[in-house]
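Quick look at final.txt (compact mmCIF, C-alpha atoms):
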# COMPACT_ATOMS: atom_id res chain seq x y z
CA MET A 6 160.42 123.00 118.42
CA SER A 7 162.20 126.16 117.30
CA LEU A 8 165.98 126.11 117.12
CA TRP A 9 165.92 129.21 119.32
CA TRP A 10 164.83 127.20 122.32
CA TYR A 11 167.89 124.97 121.91
CA LEU A 12 170.01 128.11 121.99
CA VAL A 13 168.19 129.33 125.10
CA ALA A 14 168.93 126.02 126.86
CA ILE A 15 172.71 126.41 126.42
CA PRO A 16 173.36 129.29 128.88
CA PHE A 17 171.08 127.53 131.36
CA GLY A 18 173.54 124.62 131.18
CA GLY A 19 176.36 127.06 131.95
CA VAL A 20 174.44 128.29 135.01
CA GLY A 21 173.88 124.69 136.11
CA ALA A 22 177.59 123.91 135.84
CA VAL A 23 178.45 126.99 137.89
CA GLY A 24 175.91 125.92 140.52
CA ARG A 25 177.51 122.49 140.77
CA VAL A 26 181.08 123.79 141.02
CA TRP A 27 180.03 126.46 143.52
CA ALA A 28 178.22 123.83 145.64
CA THR A 29 181.33 121.62 145.54
CA GLN A 30 183.63 124.46 146.56
CA VAL A 31 181.39 125.52 149.43
CA GLY A 32 180.47 122.00 150.51
CA GLU A 33 183.67 120.00 150.21
CA THR A 34 185.11 121.30 153.48
CA ARG A 35 181.78 121.43 155.31
CA VAL A 36 179.86 118.32 154.26
CA PRO A 37 180.89 114.99 155.83
CA GLY A 38 182.31 112.87 153.02
CA GLY A 39 183.65 115.91 151.18
CA ALA A 40 183.45 116.46 147.45
CA PRO A 41 182.12 112.99 146.46
CA MET A 42 179.23 113.50 148.90
CA VAL A 43 178.52 116.92 147.39
CA THR A 44 178.49 115.37 143.91
CA ALA A 45 176.03 112.73 145.14
CA LEU A 46 173.78 115.37 146.74
CA VAL A 47 173.89 117.54 143.59
CA ASN A 48 172.99 114.56 141.42
CA ILE A 49 170.18 113.24 143.61
CA THR A 50 168.75 116.75 143.99
CA GLY A 51 168.95 117.24 140.22
CA ALA A 52 167.18 113.92 139.58
CA ALA A 53 164.37 114.95 141.96
CA ALA A 54 164.15 118.36 140.30
CA ILE A 55 163.93 116.99 136.75
CA GLY A 56 160.99 114.84 137.88
CA ILE A 57 159.17 118.05 138.83
CA VAL A 58 160.13 119.68 135.52
CA VAL A 59 158.92 116.74 133.46
CA ALA A 60 155.69 116.47 135.46
CA LEU A 61 154.78 120.17 135.32
CA SER A 62 156.15 121.61 132.10
CA GLY A 63 155.93 121.01 128.38
CA ASP A 64 158.63 120.31 125.82
CA ILE A 65 160.19 123.78 126.08
CA GLY A 66 160.46 123.57 129.87
CA VAL A 67 162.01 120.10 129.67
CA LEU A 68 164.53 121.35 127.11
CA VAL A 69 165.53 124.57 128.88
CA LEU A 70 165.28 123.52 132.54
CA GLY A 71 165.78 119.76 132.12
CA SER A 72 168.39 119.32 129.37
CA GLY A 73 169.85 122.79 129.99
CA LEU A 74 169.87 123.78 133.66
CA LEU A 75 169.69 120.36 135.33
CA GLY A 76 171.73 118.62 132.63
CA GLY A 77 174.54 121.08 133.33
CA PHE A 78 174.02 120.95 137.11
CA THR A 79 174.19 117.17 137.42
CA THR A 80 177.15 115.17 136.19
CA PHE A 81 178.15 111.62 135.40
CA SER A 82 181.88 111.97 134.60
CA THR A 83 182.87 113.42 137.98
CA TRP A 84 180.87 110.71 139.74
CA MET A 85 182.70 107.97 137.84
CA VAL A 86 186.16 109.45 138.45
CA GLU A 87 185.36 109.76 142.17
CA VAL A 88 184.28 106.10 142.35
CA ASP A 89 187.49 105.12 140.55
CA ALA A 90 189.56 107.27 142.93
CA PHE A 91 188.21 105.33 145.94
CA ASN A 92 188.84 102.09 144.07
CA ARG A 93 192.46 103.02 143.39
CA ALA A 94 192.99 103.84 147.03
CA ASN A 95 191.65 100.35 147.90
CA ARG A 96 188.75 101.98 149.69
CA VAL A 97 186.40 99.43 148.19
CA ARG A 98 183.53 100.00 150.59
CA GLU A 99 183.46 103.74 149.87
CA ALA A 100 183.76 103.03 146.15
CA ALA A 101 180.75 100.71 146.28
CA LEU A 102 178.67 103.14 148.35
CA THR A 103 179.62 106.09 146.14
CA LEU A 104 178.53 104.10 143.09
CA VAL A 105 175.39 102.37 144.33
CA LEU A 106 173.72 104.90 146.64
CA PRO A 107 173.32 107.74 144.11
CA ALA A 108 172.23 105.26 141.44
CA VAL A 109 169.43 103.94 143.66
CA LEU A 110 168.51 107.16 145.48
CA GLY A 111 168.56 109.17 142.25
CA ALA A 112 166.15 106.75 140.60
CA VAL A 113 163.89 106.77 143.66
CA ALA A 114 164.00 110.58 143.91
CA TYR A 115 163.05 110.98 140.24
CA ALA A 116 160.31 108.35 140.47
CA ILE A 117 158.76 110.07 143.50
CA THR A 118 158.72 113.62 142.13
CA ARG A 119 157.65 112.46 138.68
CA ALA A 120 154.63 110.71 140.21
CA ALA A 121 153.83 113.27 142.92
CA PHE A 122 153.61 116.47 140.88
CA MET B 26 186.73 115.36 143.46
CA SER B 27 188.50 118.54 144.38
CA TYR B 28 189.62 116.96 147.64
CA GLU B 29 192.20 115.35 145.37
CA VAL B 30 192.49 118.26 143.01
CA ARG B 31 193.82 120.10 146.06
CA ASP B 32 197.03 118.07 145.62
CA ALA B 33 197.65 119.89 142.37
CA GLY B 34 197.01 123.32 143.84
CA GLU B 35 199.54 125.46 145.60
CA ALA B 36 200.72 124.50 149.07
CA GLY B 37 197.70 122.34 149.83
CA GLU B 38 195.25 125.12 149.14
CA PRO B 39 191.98 124.03 147.51
CA LEU B 40 191.89 124.78 143.82
CA ARG B 41 189.40 127.61 143.39
CA HIS B 42 187.77 127.44 140.01
CA SER B 43 187.03 130.58 138.08
CA LEU B 44 183.24 130.48 137.83
CA PRO B 45 183.06 132.51 134.58
CA VAL B 46 185.38 129.92 133.02
CA VAL B 47 183.16 127.11 134.34
CA PHE B 48 180.15 128.92 132.85
CA VAL B 49 181.73 128.97 129.39
CA GLY B 50 182.75 125.31 129.64
CA GLY B 51 179.28 124.41 130.90
CA MET B 52 177.65 126.12 127.92
CA LEU B 53 179.90 124.28 125.47
CA GLY B 54 179.29 120.93 127.19
CA THR B 55 175.53 121.48 127.27
CA ALA B 56 175.49 122.45 123.59
CA ALA B 57 177.51 119.34 122.67
CA ARG B 58 175.23 117.03 124.71
CA ILE B 59 172.01 118.49 123.31
CA GLY B 60 173.45 118.30 119.79
CA LEU B 61 174.52 114.69 120.28
CA SER B 62 171.11 113.76 121.72
CA ALA B 63 169.39 115.31 118.71
CA ALA B 64 171.74 113.56 116.26
CA LEU B 65 171.59 110.03 117.67
CA PRO B 66 168.46 107.88 117.64
CA HIS B 67 166.24 107.61 120.69
CA GLY B 68 164.58 104.22 120.50
CA ALA B 69 164.56 101.81 123.41
CA PHE B 70 167.82 103.41 124.51
CA ALA B 71 168.71 107.10 124.67
CA TRP B 72 171.93 106.59 122.76
CA GLY B 73 172.98 110.24 122.83
CA ILE B 74 173.00 110.44 126.63
CA LEU B 75 174.70 107.05 126.89
CA VAL B 76 177.49 108.03 124.48
CA ALA B 77 177.93 111.46 126.12
CA ASN B 78 178.21 109.91 129.59
CA LEU B 79 180.66 107.19 128.59
CA VAL B 80 182.87 109.41 126.42
CA GLY B 81 182.81 112.04 129.17
CA ALA B 82 183.87 109.49 131.81
CA ILE B 83 186.94 108.37 129.86
CA VAL B 84 188.01 111.88 128.84
CA LEU B 85 187.62 113.24 132.38
CA GLY B 86 189.79 110.32 133.53
CA VAL B 87 192.51 111.42 131.08
CA LEU B 88 192.30 115.08 132.13
CA PHE B 89 192.21 114.26 135.83
CA GLU B 90 195.32 112.08 135.54
CA ARG B 91 197.11 114.88 133.74
CA LEU B 92 196.05 117.30 136.45
CA GLN B 93 197.37 114.94 139.11
CA GLU B 94 200.62 114.68 137.22
CA HIS B 95 200.85 118.48 137.24
CA ARG B 96 200.67 118.63 133.48
CA LEU B 97 197.59 120.80 133.45
CA ARG B 98 199.42 123.65 135.05
CA ARG B 99 196.84 126.25 134.29
CA ALA B 100 193.93 125.86 136.67
CA ASP B 101 191.62 127.65 134.25
CA ARG B 102 192.20 125.00 131.61
CA TRP B 103 191.08 122.29 134.04
CA ALA B 104 188.04 124.36 135.13
CA LEU B 105 187.03 124.90 131.50
CA TRP B 106 187.34 121.31 130.26
CA GLY B 107 186.89 119.29 133.48
CA PRO B 108 184.08 120.53 135.74
CA GLY B 109 182.88 122.93 133.04
CA PHE B 110 182.70 121.14 129.70
CA LEU B 111 182.76 117.46 130.72
CA GLY B 112 180.76 118.08 133.89
CA ALA B 113 177.95 119.54 131.80
CA PHE B 114 178.43 117.26 128.76
CA THR B 115 177.67 114.30 131.02
CA THR B 116 174.49 114.16 133.03
CA PHE B 117 172.90 112.28 135.89
CA SER B 118 169.39 113.72 135.72
CA ALA B 119 168.77 112.58 132.13
CA LEU B 120 170.24 109.15 132.94
CA GLN B 121 167.71 108.67 135.73
CA LEU B 122 164.91 110.16 133.63
CA GLU B 123 165.56 107.71 130.79
CA ALA B 124 165.94 104.69 133.08
CA VAL B 125 162.96 105.39 135.32
CA ASP B 126 160.65 106.49 132.49
CA ALA B 127 161.32 103.16 130.77
CA ILE B 128 160.48 101.34 134.00
CA ARG B 129 157.35 103.47 134.50
CA SER B 130 156.15 102.65 131.01
CA GLY B 131 156.43 98.94 131.79
CA ASP B 132 159.69 98.34 129.95
CA TRP B 133 161.60 97.67 133.14
CA GLN B 134 164.24 95.46 131.48
CA HIS B 135 165.41 98.30 129.28
CA GLY B 136 165.28 100.79 132.15
CA VAL B 137 167.36 98.68 134.51
CA LEU B 138 169.76 97.68 131.72
CA TYR B 139 170.23 101.33 130.73
CA LEU B 140 171.17 102.34 134.26
CA LEU B 141 173.37 99.30 134.93
CA ALA B 142 175.13 99.47 131.56
CA THR B 143 175.89 103.17 131.98
CA ILE B 144 177.44 102.88 135.42
CA GLY B 145 178.89 99.41 134.76
CA LEU B 146 180.85 100.78 131.79
CA GLY B 147 181.44 104.24 133.27
CA VAL B 148 183.72 103.16 136.12
CA PRO B 149 186.14 101.04 134.04
CA LEU B 150 186.19 103.75 131.35
CA ALA B 151 187.14 106.40 133.92
CA ALA B 152 189.90 104.04 135.11
CA LEU B 153 191.02 103.48 131.52
CA GLY B 154 191.09 107.23 130.95
CA ARG B 155 193.46 107.67 133.86
CA ARG B 156 195.77 104.99 132.44
CA VAL B 157 195.71 106.66 129.04
CA GLY B 158 196.42 110.05 130.64
CA ARG B 159 199.47 108.60 132.36
CA VAL B 160 200.82 106.70 129.34
CA ARG B 161 200.47 109.61 126.96
CA GLY B 162 202.81 111.73 129.04

Go ahead and render the structure in this file as structure tokens.
Amino acid sequence: MSLWWYLVAIPFGGVGAVGRVWATQVGETRVPGGAPMVTALVNITGAAAIGIVVALSGDIGVLVLGSGLLGGFTTFSTWMVEVDAFNRANRVREAALTLVLPAVLGAVAYAITRAAF
Amino acid sequence: MSYEVRDAGEAGEPLRHSLPVVFVGGMLGTAARIGLSAALPHGAFAWGILVANLVGAIVLGVLFERLQEHRLRRADRWALWGPGFLGAFTTFSALQLEAVDAIRSGDWQHGVLYLLATIGLGVPLAALGRRVGRVRG
């Protein structure tokens, strides 16, 4: 694949990151569960979306929309720090749910869209 | 996590990130992740994504602790390196893709191990990052 497509993917990652931060800013005061719930929804949605991308597009689409847009949109580091924040506050049940639910639902979401499209 | 970031903002106001700054950080993080993925081998494990996610978890822990301690006084610096760079450097979609694709291809042990190892190491590394961020003053 041409190096140019790697360069094209990079601004898509910037757009994805903006989408995530915008969703968090809009959702944190409106969505029950606040910012960690928004992160979970962003991640599960992104996992479902990358299943569609992988199923329907070729290598260039996977690079630009998968590694670029959805790679920038979804995040692992914020998820981990949010789980740890619940843990530190001795909110063990929320920590466990925040860790396990996106892990399971994200895998299921990807598996479904990957197979369905 | 900005429900906690709010503590570092002014007078309890939510910290509003500058979206152009997030865009720049997101581009840098995406470029670093794609570069790392291309540089590291992709055999049974997608090492590039694993390393990006785990390094990102610990570094975000450091930055977040410093934000909490009011050491990252400039909100733009946090937006650039936190939600921007590290948010985009790490990824959830590729993690699930790698894990589930391994399971779909019949290699379920590697798929499950990949997912469990990433999140099993990610949480303690984020916690370690926060300790490091505090110690380093």

Residue hits in chain A, query chain B, radius 8 Å, all atoms listed in the file, as number ranges by chain: A: 11, 15-23, 26-27, 29-30, 33, 39-41, 48-49, 51-52, 55-56, 71-73, 75-83, 85-89, 104, 108, 111-112, 115-116

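Across the structure, atom CA of A:Ala45 and atom CA of A:Thr103 are spaced 7.6 Å apart.
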
Using all atoms of stretch 72-86 of chain A that appear in the file, construct an axis-aligned enclosing box with 4 Å of padding on every side and provide its centre coordinates and edge lengths in Å, rounded to one decimal, as JSON.
{"center_x": 177.3, "center_y": 115.9, "center_z": 134.6, "size_x": 25.8, "size_y": 23.8, "size_z": 18.4}

Å distance separating atom CA of A:Gly63 from atom CA of B:Leu65, one decimal place: 21.9 Å

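Here atom CA of B:Pro66 and atom CA of B:Ala127 stand 15.7 Å from one another.
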
Answer as a ChimeraX atom specification, residues within 12 Å of (164.7, 129.6, 123.6) using all atoms listed in the file: /A:6-17,64-70,73
